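Participant: Quick one: the structure is below, and I'll ask about it shortly.
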Amino acid sequence: MEKIGVFTSGGDAPGMNACIRAVVRTAIYHGLEVVGIMEGYQGIVDKNFIPMTADSVSNIIQQGGTILKSARCTQFRTKKGRKKAYKNLKEAGIDGVVAIGGDGTFTGAAIFMQEYPDINFVGCPGTIDNDLHGTDFTIGYDTAINTAMEAIDKIKDTANADARLFFIEVMGRDVGFIALRSCIATGAETVLMPETSTNIKALVKTISEHYERKKASIIIIVAEGEEMGGAVKVAKKVSKKFTALSSRVTILGHIQRGGRPTAMERVNASWMGLEAVKALIAGEKGIMIGIVNNKVAHTSFEKAIKHNQEISPTLLEMVKVLA
Ligand code: ATP
C-alpha cells in the first residue's frame, strides 16, 4: 500500500475532523501518501481529490463539522457510478480508503469491494446516533449528548421557575441513545424512544406522579423517531390532561450535530483514525474500527450495519428509579 484516501460521508458529526487529522498524520508517519476526498462518495465519482500534508490538518482537532465536507451521493448507488469511482481511484493510484461515516457509508463500501476487491476500505464510525454494532461510542455521539445535556439544563432552569411541563425532542430517528443518555444526565422525568412503545396512558400516569410530588418542573425527553412521531404529537395528546401546568415543546434539532467535540470525542476519533490506517497497512479490509471496553475492535461492515447495539436495561432502570 502506497497511497490512501480518506473521506467523510452521510450526516456530519463532531469529531470527524479529529479522525481525518489522525488518518492523515498516521499515514504520513508510516510513509504513505494520502489524499482527502471531498464530499464523500461524490468526491470519488467526481475525482475531487486533494493531496494532504501534515500541515493541511493543523488546527482542526477542535473544530466541529468536517473539512472534507459530507454529501449524499446517488451516483454511487448505481453500478455505473461505482465503475467511474473505481476508474478514478485506480488512475490516482489509491489502493486503500478510510471511510468515516454511518451504516449507509459502510453498505456502499461493502458493495463496492465485492465488485472491485483490489481497493481496500476500512471504516471509522462517524455518526451522532451511536447506531452501529462493534463500538461503544460512534464519533459524534459524546458531543451530541453533551450538547443536548447543556440545552436541557438551560430549559430546566426556566421550567423550574414557572412549574412547566416540557417535551424536549432530541435527534434519533431509529435509535434512542441520545435521548436515553441525555435524560439520565439531566435528571429528566422520563424518555420516549423508538426502541420502546409509547404508551400515553402510562406517560400520563408518570407525569401525574411527578406532579403530585410537587416537582418544580417535569421534563419529558422524546427521541424524534419514537412511535407517535415526535414531541409535538406527544405533547398534543398529553398536555390537555394537565391544565394546571403550562406546557411547552422544544425541538433541539441541528445544534446537536455541531459544536466543538468533547475531549473524549477527540481522543476516541483520533484513536480510531490511527487504527484504521494501521489496519490498511496490515492488509485488512471490509472492517469498521470500533472501541469496545476501551480496546480496539474490528467488526465486518456487514455486522456493524446489521446489528444495532442493545439498549442497556441498566440505563432504563436508572431512568425509572432515579427520576
Ligand atoms: P448517517 O448515519 O449519518 O445517516 P450514513 O453513512 O448512514 O450516515 P447515508 O446517506 O445513508 O449516510 O449513506 C452515505 C452514502 O453512502 C450515500 O449517500 C451513498 O452514496 C452511499 N450508500 C448508501 N447506501 C448505499 C448502497 N446501498 N449502495 C451504494 N452506496 C450506498
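How things are named: the first chain in the C-alpha cells is A, the next is B, and so on; residues count from 1 in each chain; ligands count from 1 in the order shown.
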What's the 6 Å shell around region 218-227 of chain A, counting only C-alpha atoms, without same-chain residues fewer than 5 positions away, as an MDAnalysis selection string?

Facilitator: chainID A and resid 165:174 176 179 188:194 198

Participant: Mind dumping the selected residues with all heavy atoms as a short mmCIF file (atom, residue, chain, number, x, y, z; two decimals), in the first residue's frame?

Facilitator:
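Written output follows (part-v7.cif):
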data_model
loop_
_atom_site.label_atom_id
_atom_site.label_comp_id
_atom_site.auth_asym_id
_atom_site.auth_seq_id
_atom_site.Cartn_x
_atom_site.Cartn_y
_atom_site.Cartn_z
N LEU A 165 -44.33 22.00 32.22
CA LEU A 165 -44.17 20.65 31.66
C LEU A 165 -43.54 20.82 30.28
O LEU A 165 -44.09 21.49 29.42
CB LEU A 165 -45.56 20.01 31.54
CG LEU A 165 -45.70 18.72 30.74
CD1 LEU A 165 -44.86 17.59 31.34
CD2 LEU A 165 -47.17 18.30 30.68
N PHE A 166 -42.33 20.27 30.11
CA PHE A 166 -41.61 20.43 28.85
C PHE A 166 -41.46 19.10 28.12
O PHE A 166 -41.13 18.09 28.74
CB PHE A 166 -40.20 20.98 29.10
CG PHE A 166 -40.08 22.46 28.82
CD1 PHE A 166 -40.25 23.38 29.83
CD2 PHE A 166 -39.78 22.90 27.55
CE1 PHE A 166 -40.14 24.74 29.60
CE2 PHE A 166 -39.67 24.26 27.30
CZ PHE A 166 -39.84 25.19 28.31
N PHE A 167 -41.70 19.13 26.82
CA PHE A 167 -41.40 17.98 25.96
C PHE A 167 -40.23 18.41 25.09
O PHE A 167 -40.36 19.34 24.30
CB PHE A 167 -42.62 17.64 25.09
CG PHE A 167 -43.82 17.25 25.90
CD1 PHE A 167 -44.69 18.21 26.40
CD2 PHE A 167 -44.07 15.91 26.19
CE1 PHE A 167 -45.78 17.86 27.17
CE2 PHE A 167 -45.17 15.54 26.96
CZ PHE A 167 -46.02 16.52 27.45
N ILE A 168 -39.10 17.77 25.28
CA ILE A 168 -37.90 18.19 24.53
C ILE A 168 -37.52 17.10 23.54
O ILE A 168 -37.24 15.96 23.93
CB ILE A 168 -36.73 18.49 25.49
CG1 ILE A 168 -37.15 19.53 26.52
CG2 ILE A 168 -35.50 18.95 24.70
CD1 ILE A 168 -36.10 19.85 27.56
N GLU A 169 -37.53 17.46 22.27
CA GLU A 169 -37.22 16.46 21.24
C GLU A 169 -35.74 16.51 20.90
O GLU A 169 -35.18 17.57 20.62
CB GLU A 169 -38.05 16.74 19.98
CG GLU A 169 -37.86 15.66 18.93
CD GLU A 169 -38.79 15.86 17.75
OE1 GLU A 169 -40.03 15.81 17.93
OE2 GLU A 169 -38.27 16.10 16.64
N VAL A 170 -35.12 15.34 20.94
CA VAL A 170 -33.70 15.22 20.57
C VAL A 170 -33.59 14.34 19.33
O VAL A 170 -34.55 13.67 18.94
CB VAL A 170 -32.85 14.63 21.73
CG1 VAL A 170 -32.90 15.51 22.96
CG2 VAL A 170 -33.29 13.21 22.07
N MET A 171 -32.41 14.34 18.70
CA MET A 171 -32.23 13.55 17.48
C MET A 171 -32.24 12.06 17.79
O MET A 171 -31.91 11.63 18.89
CB MET A 171 -30.95 13.96 16.77
CG MET A 171 -31.16 15.22 15.94
SD MET A 171 -29.71 15.63 14.98
CE MET A 171 -30.40 16.83 13.86
N GLY A 172 -32.58 11.28 16.79
CA GLY A 172 -32.63 9.82 16.93
C GLY A 172 -33.84 9.29 16.19
O GLY A 172 -34.89 9.06 16.79
N ARG A 173 -33.71 9.15 14.87
CA ARG A 173 -34.83 8.67 14.06
C ARG A 173 -35.09 7.18 14.29
O ARG A 173 -36.20 6.74 14.34
CB ARG A 173 -34.54 8.92 12.58
CG ARG A 173 -35.51 9.92 11.97
CD ARG A 173 -35.10 10.27 10.58
NE ARG A 173 -33.81 10.94 10.56
CZ ARG A 173 -33.04 11.07 9.50
NH1 ARG A 173 -33.39 10.58 8.35
NH2 ARG A 173 -31.89 11.71 9.57
N ASP A 174 -33.99 6.43 14.40
CA ASP A 174 -34.15 4.98 14.52
C ASP A 174 -33.71 4.44 15.87
O ASP A 174 -34.02 3.31 16.22
CB ASP A 174 -33.33 4.27 13.42
CG ASP A 174 -33.74 4.77 12.04
OD1 ASP A 174 -34.95 4.77 11.77
OD2 ASP A 174 -32.86 5.19 11.27
N GLY A 176 -32.56 5.42 20.20
CA GLY A 176 -32.80 6.39 21.27
C GLY A 176 -31.61 6.65 22.18
O GLY A 176 -31.79 7.08 23.33
N ALA A 179 -31.37 10.25 23.36
CA ALA A 179 -32.49 10.53 24.27
C ALA A 179 -32.25 9.92 25.64
O ALA A 179 -32.40 10.58 26.67
CB ALA A 179 -33.79 9.99 23.66
N ALA A 188 -33.99 14.22 33.82
CA ALA A 188 -35.35 14.43 33.27
C ALA A 188 -36.26 13.32 33.79
O ALA A 188 -35.78 12.27 34.23
CB ALA A 188 -35.30 14.44 31.75
N GLU A 189 -37.56 13.56 33.71
CA GLU A 189 -38.51 12.66 34.38
C GLU A 189 -38.69 11.33 33.64
O GLU A 189 -38.79 10.29 34.26
CB GLU A 189 -39.86 13.37 34.59
CG GLU A 189 -39.92 14.18 35.88
CD GLU A 189 -38.86 15.26 36.01
OE1 GLU A 189 -38.54 15.90 34.99
OE2 GLU A 189 -38.33 15.45 37.13
N THR A 190 -38.74 11.39 32.31
CA THR A 190 -38.80 10.12 31.57
C THR A 190 -38.40 10.34 30.11
O THR A 190 -38.14 11.47 29.68
CB THR A 190 -40.18 9.43 31.70
OG1 THR A 190 -40.07 8.08 31.23
CG2 THR A 190 -41.27 10.13 30.89
N VAL A 191 -38.34 9.23 29.37
CA VAL A 191 -37.85 9.29 28.00
C VAL A 191 -38.71 8.41 27.10
O VAL A 191 -39.16 7.34 27.52
CB VAL A 191 -36.35 8.87 27.96
CG1 VAL A 191 -36.13 7.45 28.47
CG2 VAL A 191 -35.76 9.00 26.56
N LEU A 192 -38.93 8.88 25.88
CA LEU A 192 -39.66 8.08 24.87
C LEU A 192 -38.70 7.84 23.71
O LEU A 192 -38.08 8.78 23.22
CB LEU A 192 -40.89 8.84 24.37
CG LEU A 192 -41.89 9.31 25.43
CD1 LEU A 192 -43.02 10.10 24.78
CD2 LEU A 192 -42.47 8.13 26.21
N MET A 193 -38.61 6.58 23.27
CA MET A 193 -37.60 6.22 22.26
C MET A 193 -38.19 5.26 21.23
O MET A 193 -39.17 4.57 21.53
CB MET A 193 -36.44 5.49 22.93
CG MET A 193 -35.79 6.21 24.05
SD MET A 193 -34.43 5.22 24.71
CE MET A 193 -35.30 3.89 25.49
N PRO A 194 -37.55 5.16 20.06
CA PRO A 194 -38.05 4.21 19.05
C PRO A 194 -38.02 2.76 19.55
O PRO A 194 -38.82 1.94 19.10
CB PRO A 194 -37.07 4.37 17.88
CG PRO A 194 -36.39 5.66 18.09
CD PRO A 194 -36.41 5.94 19.56
N THR A 198 -44.63 3.68 22.82
CA THR A 198 -45.10 4.88 23.53
C THR A 198 -46.52 4.63 24.02
O THR A 198 -47.44 4.46 23.24
CB THR A 198 -45.06 6.10 22.58
OG1 THR A 198 -43.70 6.32 22.21
CG2 THR A 198 -45.62 7.35 23.24
#

Participant: Looking only at the backbone, which of the residues in region 165-323 of chain A does DSSP tag as strand (DSSP E), as a ChimeraX atom specification?

Facilitator: /A:165-170,190-192,218-223,246-251,287-292,295-300

Participant: Would you output that residue set with N, CA and C atoms, as an mmCIF file, in the first residue's frame?

Facilitator:
data_model
loop_
_atom_site.group_PDB
_atom_site.id
_atom_site.type_symbol
_atom_site.label_atom_id
_atom_site.label_comp_id
_atom_site.auth_asym_id
_atom_site.auth_seq_id
_atom_site.Cartn_x
_atom_site.Cartn_y
_atom_site.Cartn_z
ATOM 1 N N LEU A 165 -44.334 21.998 32.219
ATOM 2 C CA LEU A 165 -44.169 20.654 31.663
ATOM 3 C C LEU A 165 -43.536 20.822 30.281
ATOM 4 N N PHE A 166 -42.329 20.272 30.112
ATOM 5 C CA PHE A 166 -41.610 20.432 28.847
ATOM 6 C C PHE A 166 -41.463 19.101 28.120
ATOM 7 N N PHE A 167 -41.700 19.127 26.823
ATOM 8 C CA PHE A 167 -41.404 17.980 25.959
ATOM 9 C C PHE A 167 -40.229 18.409 25.092
ATOM 10 N N ILE A 168 -39.095 17.766 25.275
ATOM 11 C CA ILE A 168 -37.900 18.188 24.533
ATOM 12 C C ILE A 168 -37.522 17.096 23.541
ATOM 13 N N GLU A 169 -37.530 17.463 22.272
ATOM 14 C CA GLU A 169 -37.218 16.464 21.239
ATOM 15 C C GLU A 169 -35.735 16.506 20.899
ATOM 16 N N VAL A 170 -35.122 15.340 20.941
ATOM 17 C CA VAL A 170 -33.705 15.223 20.572
ATOM 18 C C VAL A 170 -33.595 14.339 19.331
ATOM 19 N N THR A 190 -38.741 11.390 32.313
ATOM 20 C CA THR A 190 -38.799 10.117 31.570
ATOM 21 C C THR A 190 -38.399 10.340 30.112
ATOM 22 N N VAL A 191 -38.338 9.231 29.370
ATOM 23 C CA VAL A 191 -37.846 9.294 27.998
ATOM 24 C C VAL A 191 -38.709 8.411 27.096
ATOM 25 N N LEU A 192 -38.932 8.881 25.875
ATOM 26 C CA LEU A 192 -39.656 8.084 24.869
ATOM 27 C C LEU A 192 -38.702 7.836 23.708
ATOM 28 N N ILE A 218 -41.454 19.370 35.094
ATOM 29 C CA ILE A 218 -41.462 17.986 34.592
ATOM 30 C C ILE A 218 -40.948 18.014 33.158
ATOM 31 N N ILE A 219 -39.879 17.252 32.929
ATOM 32 C CA ILE A 219 -39.255 17.263 31.598
ATOM 33 C C ILE A 219 -39.341 15.864 30.993
ATOM 34 N N ILE A 220 -39.891 15.805 29.796
ATOM 35 C CA ILE A 220 -40.003 14.529 29.081
ATOM 36 C C ILE A 220 -39.083 14.617 27.853
ATOM 37 N N ILE A 221 -38.144 13.690 27.744
ATOM 38 C CA ILE A 221 -37.239 13.677 26.588
ATOM 39 C C ILE A 221 -37.849 12.751 25.529
ATOM 40 N N VAL A 222 -37.945 13.260 24.317
ATOM 41 C CA VAL A 222 -38.583 12.493 23.234
ATOM 42 C C VAL A 222 -37.604 12.355 22.071
ATOM 43 N N ALA A 223 -37.261 11.130 21.711
ATOM 44 C CA ALA A 223 -36.440 10.929 20.509
ATOM 45 C C ALA A 223 -37.325 11.185 19.295
ATOM 46 N N SER A 246 -48.294 24.842 32.635
ATOM 47 C CA SER A 246 -48.180 25.354 31.263
ATOM 48 C C SER A 246 -47.179 24.462 30.542
ATOM 49 N N SER A 247 -47.585 24.006 29.381
ATOM 50 C CA SER A 247 -46.730 23.028 28.720
ATOM 51 C C SER A 247 -46.070 23.616 27.477
ATOM 52 N N ARG A 248 -44.854 23.178 27.211
ATOM 53 C CA ARG A 248 -44.055 23.717 26.102
ATOM 54 C C ARG A 248 -43.344 22.575 25.372
ATOM 55 N N VAL A 249 -43.084 22.819 24.094
ATOM 56 C CA VAL A 249 -42.310 21.852 23.305
ATOM 57 C C VAL A 249 -41.054 22.547 22.792
ATOM 58 N N THR A 250 -39.910 21.905 22.921
ATOM 59 C CA THR A 250 -38.679 22.435 22.312
ATOM 60 C C THR A 250 -38.053 21.331 21.464
ATOM 61 N N ILE A 251 -37.723 21.686 20.237
ATOM 62 C CA ILE A 251 -37.037 20.721 19.365
ATOM 63 C C ILE A 251 -35.587 21.175 19.228
ATOM 64 N N ILE A 287 -13.704 -3.777 7.180
ATOM 65 C CA ILE A 287 -13.981 -3.746 8.622
ATOM 66 C C ILE A 287 -14.178 -2.314 9.125
ATOM 67 N N MET A 288 -14.939 -2.217 10.196
ATOM 68 C CA MET A 288 -15.075 -0.942 10.907
ATOM 69 C C MET A 288 -14.221 -1.001 12.168
ATOM 70 N N ILE A 289 -13.523 0.083 12.423
ATOM 71 C CA ILE A 289 -12.744 0.177 13.661
ATOM 72 C C ILE A 289 -13.672 0.683 14.767
ATOM 73 N N GLY A 290 -13.699 -0.011 15.875
ATOM 74 C CA GLY A 290 -14.505 0.464 16.996
ATOM 75 C C GLY A 290 -13.694 0.428 18.280
ATOM 76 N N ILE A 291 -14.278 0.926 19.332
ATOM 77 C CA ILE A 291 -13.663 0.805 20.658
ATOM 78 C C ILE A 291 -14.705 0.145 21.563
ATOM 79 N N VAL A 292 -14.344 -1.025 22.074
ATOM 80 C CA VAL A 292 -15.250 -1.764 22.957
ATOM 81 C C VAL A 292 -14.500 -2.047 24.256
ATOM 82 N N LYS A 295 -10.894 -1.084 24.327
ATOM 83 C CA LYS A 295 -9.944 -1.821 23.472
ATOM 84 C C LYS A 295 -10.394 -1.672 22.025
ATOM 85 N N VAL A 296 -9.442 -1.722 21.108
ATOM 86 C CA VAL A 296 -9.789 -1.612 19.683
ATOM 87 C C VAL A 296 -10.516 -2.879 19.240
ATOM 88 N N ALA A 297 -11.584 -2.685 18.473
ATOM 89 C CA ALA A 297 -12.339 -3.838 17.959
ATOM 90 C C ALA A 297 -12.500 -3.694 16.450
ATOM 91 N N HIS A 298 -12.314 -4.794 15.739
ATOM 92 C CA HIS A 298 -12.540 -4.815 14.288
ATOM 93 C C HIS A 298 -13.830 -5.586 14.027
ATOM 94 N N THR A 299 -14.761 -4.963 13.323
ATOM 95 C CA THR A 299 -16.044 -5.623 13.038
ATOM 96 C C THR A 299 -16.320 -5.511 11.546
ATOM 97 N N SER A 300 -16.757 -6.595 10.919
ATOM 98 C CA SER A 300 -17.031 -6.536 9.472
ATOM 99 C C SER A 300 -18.134 -5.498 9.223
#

Participant: Could you give me, as an NGL selection string, the residues within 12 Å of Ala216 (chain A), counting only C-alpha atoms and dropping anything in the same chain fewer than 6 positions from it?

Facilitator: :A and (156-166 or 188-189 or 210 or 245)

Participant: Store the residues picked out above, limited to N, CA, C and O atoms, as a PDB file, in the first residue's frame.

Facilitator:
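Contents of again_23.pdb, as written:
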ATOM      1  N   LYS A 156     -34.349  23.507  31.785  1.00  0.00           N
ATOM      2  CA  LYS A 156     -34.779  23.136  33.138  1.00  0.00           C
ATOM      3  C   LYS A 156     -34.768  24.348  34.076  1.00  0.00           C
ATOM      4  O   LYS A 156     -35.662  24.495  34.914  1.00  0.00           O
ATOM      5  N   ASP A 157     -33.774  25.227  33.918  1.00  0.00           N
ATOM      6  CA  ASP A 157     -33.726  26.445  34.750  1.00  0.00           C
ATOM      7  C   ASP A 157     -35.015  27.240  34.604  1.00  0.00           C
ATOM      8  O   ASP A 157     -35.630  27.646  35.588  1.00  0.00           O
ATOM      9  N   THR A 158     -35.417  27.453  33.368  1.00  0.00           N
ATOM     10  CA  THR A 158     -36.610  28.272  33.168  1.00  0.00           C
ATOM     11  C   THR A 158     -37.876  27.480  33.497  1.00  0.00           C
ATOM     12  O   THR A 158     -38.846  28.031  34.022  1.00  0.00           O
ATOM     13  N   ALA A 159     -37.863  26.174  33.219  1.00  0.00           N
ATOM     14  CA  ALA A 159     -39.038  25.345  33.557  1.00  0.00           C
ATOM     15  C   ALA A 159     -39.271  25.344  35.066  1.00  0.00           C
ATOM     16  O   ALA A 159     -40.404  25.459  35.537  1.00  0.00           O
ATOM     17  N   ASN A 160     -38.200  25.258  35.833  1.00  0.00           N
ATOM     18  CA  ASN A 160     -38.301  25.238  37.300  1.00  0.00           C
ATOM     19  C   ASN A 160     -38.902  26.530  37.848  1.00  0.00           C
ATOM     20  O   ASN A 160     -39.567  26.529  38.879  1.00  0.00           O
ATOM     21  N   ALA A 161     -38.622  27.631  37.165  1.00  0.00           N
ATOM     22  CA  ALA A 161     -39.078  28.927  37.669  1.00  0.00           C
ATOM     23  C   ALA A 161     -40.584  29.089  37.552  1.00  0.00           C
ATOM     24  O   ALA A 161     -41.179  29.932  38.202  1.00  0.00           O
ATOM     25  N   ASP A 162     -41.214  28.271  36.703  1.00  0.00           N
ATOM     26  CA  ASP A 162     -42.627  28.514  36.427  1.00  0.00           C
ATOM     27  C   ASP A 162     -43.440  27.223  36.285  1.00  0.00           C
ATOM     28  O   ASP A 162     -44.362  27.149  35.485  1.00  0.00           O
ATOM     29  N   ALA A 163     -43.081  26.214  37.028  1.00  0.00           N
ATOM     30  CA  ALA A 163     -43.837  24.945  37.066  1.00  0.00           C
ATOM     31  C   ALA A 163     -44.303  24.478  35.692  1.00  0.00           C
ATOM     32  O   ALA A 163     -45.490  24.335  35.440  1.00  0.00           O
ATOM     33  N   ARG A 164     -43.353  24.284  34.819  1.00  0.00           N
ATOM     34  CA  ARG A 164     -43.763  23.927  33.463  1.00  0.00           C
ATOM     35  C   ARG A 164     -43.514  22.457  33.144  1.00  0.00           C
ATOM     36  O   ARG A 164     -42.632  21.821  33.700  1.00  0.00           O
ATOM     37  N   LEU A 165     -44.334  21.998  32.219  1.00  0.00           N
ATOM     38  CA  LEU A 165     -44.169  20.654  31.663  1.00  0.00           C
ATOM     39  C   LEU A 165     -43.536  20.822  30.281  1.00  0.00           C
ATOM     40  O   LEU A 165     -44.093  21.491  29.418  1.00  0.00           O
ATOM     41  N   PHE A 166     -42.329  20.272  30.112  1.00  0.00           N
ATOM     42  CA  PHE A 166     -41.610  20.432  28.847  1.00  0.00           C
ATOM     43  C   PHE A 166     -41.463  19.101  28.120  1.00  0.00           C
ATOM     44  O   PHE A 166     -41.125  18.085  28.742  1.00  0.00           O
ATOM     45  N   ALA A 188     -33.992  14.224  33.816  1.00  0.00           N
ATOM     46  CA  ALA A 188     -35.348  14.428  33.272  1.00  0.00           C
ATOM     47  C   ALA A 188     -36.258  13.320  33.789  1.00  0.00           C
ATOM     48  O   ALA A 188     -35.784  12.266  34.235  1.00  0.00           O
ATOM     49  N   GLU A 189     -37.564  13.560  33.707  1.00  0.00           N
ATOM     50  CA  GLU A 189     -38.505  12.663  34.378  1.00  0.00           C
ATOM     51  C   GLU A 189     -38.693  11.331  33.644  1.00  0.00           C
ATOM     52  O   GLU A 189     -38.795  10.289  34.258  1.00  0.00           O
ATOM     53  N   HIS A 210     -45.270  12.597  39.231  1.00  0.00           N
ATOM     54  CA  HIS A 210     -44.280  13.665  39.466  1.00  0.00           C
ATOM     55  C   HIS A 210     -44.967  14.969  39.887  1.00  0.00           C
ATOM     56  O   HIS A 210     -44.461  15.709  40.729  1.00  0.00           O
ATOM     57  N   LEU A 245     -50.588  22.953  34.549  1.00  0.00           N
ATOM     58  CA  LEU A 245     -49.176  23.160  34.163  1.00  0.00           C
ATOM     59  C   LEU A 245     -49.133  23.819  32.797  1.00  0.00           C
ATOM     60  O   LEU A 245     -49.865  23.398  31.900  1.00  0.00           O
TER      61      LEU A 245
END

Participant: Let me make sure I understand: among A:Thr107, A:Asn48, A:Thr147, A:Ser197, which one has the smallest atom-to-atom distance to Ile178 (chain A) if we use only C-alpha atoms?

Facilitator: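 When distances to Ile178 (chain A) are compared using only C-alpha atoms, the smallest one comes from A:Thr147.
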
Participant: List as a PyMOL selection string the protein and nucleic acid residues near region 67-83 of chain A, meaning an atom at most 9 Å away when only C-alpha atoms are counted, but skip any in the same chain fewer than 4 places from it.

Facilitator: chain A and resi 6-12+16-17+20+36-45+57+60+63+87-88+108+112+115-116

Participant: Give me, as a ChimeraX atom specification, all polymer residues having an atom no more than 10 Å from Pro51 (chain A), counting only C-alpha atoms and skipping those fewer than 5 positions away in the same chain.

Facilitator: /A:5,33-37,56

Participant: Using N, CA and C atoms, can you write the selected residues to a file as an mmCIF file, in the first residue's frame?

Facilitator:
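This went into selection.cif:
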data_model
loop_
_atom_site.group_PDB
_atom_site.id
_atom_site.type_symbol
_atom_site.label_atom_id
_atom_site.label_comp_id
_atom_site.auth_asym_id
_atom_site.auth_seq_id
_atom_site.Cartn_x
_atom_site.Cartn_y
_atom_site.Cartn_z
ATOM 1 N N GLY A 5 -6.758 7.183 0.551
ATOM 2 C CA GLY A 5 -7.667 8.324 0.574
ATOM 3 C C GLY A 5 -8.487 8.280 1.857
ATOM 4 N N GLU A 33 1.454 8.072 1.050
ATOM 5 C CA GLU A 33 0.858 9.302 0.521
ATOM 6 C C GLU A 33 -0.614 9.289 0.903
ATOM 7 N N VAL A 34 -1.199 10.458 1.106
ATOM 8 C CA VAL A 34 -2.622 10.480 1.500
ATOM 9 C C VAL A 34 -3.342 11.650 0.815
ATOM 10 N N VAL A 35 -4.539 11.340 0.306
ATOM 11 C CA VAL A 35 -5.359 12.401 -0.279
ATOM 12 C C VAL A 35 -6.673 12.517 0.483
ATOM 13 N N GLY A 36 -7.177 13.738 0.546
ATOM 14 C CA GLY A 36 -8.512 13.973 1.090
ATOM 15 C C GLY A 36 -9.501 13.887 -0.060
ATOM 16 N N ILE A 37 -10.558 13.130 0.132
ATOM 17 C CA ILE A 37 -11.601 13.004 -0.898
ATOM 18 C C ILE A 37 -12.761 13.880 -0.449
ATOM 19 N N SER A 56 -1.825 20.293 6.479
ATOM 20 C CA SER A 56 -3.177 20.582 5.998
ATOM 21 C C SER A 56 -4.248 20.173 7.012
#

Participant: Skip Ala18 (chain A) itself and residues of its chain fewer than 3 positions away, then list as JSON, numbers by chain all residues within 7 Å of it, counting only C-alpha atoms.

Facilitator: {"A": [15, 21, 22, 60, 61, 266, 269, 270]}
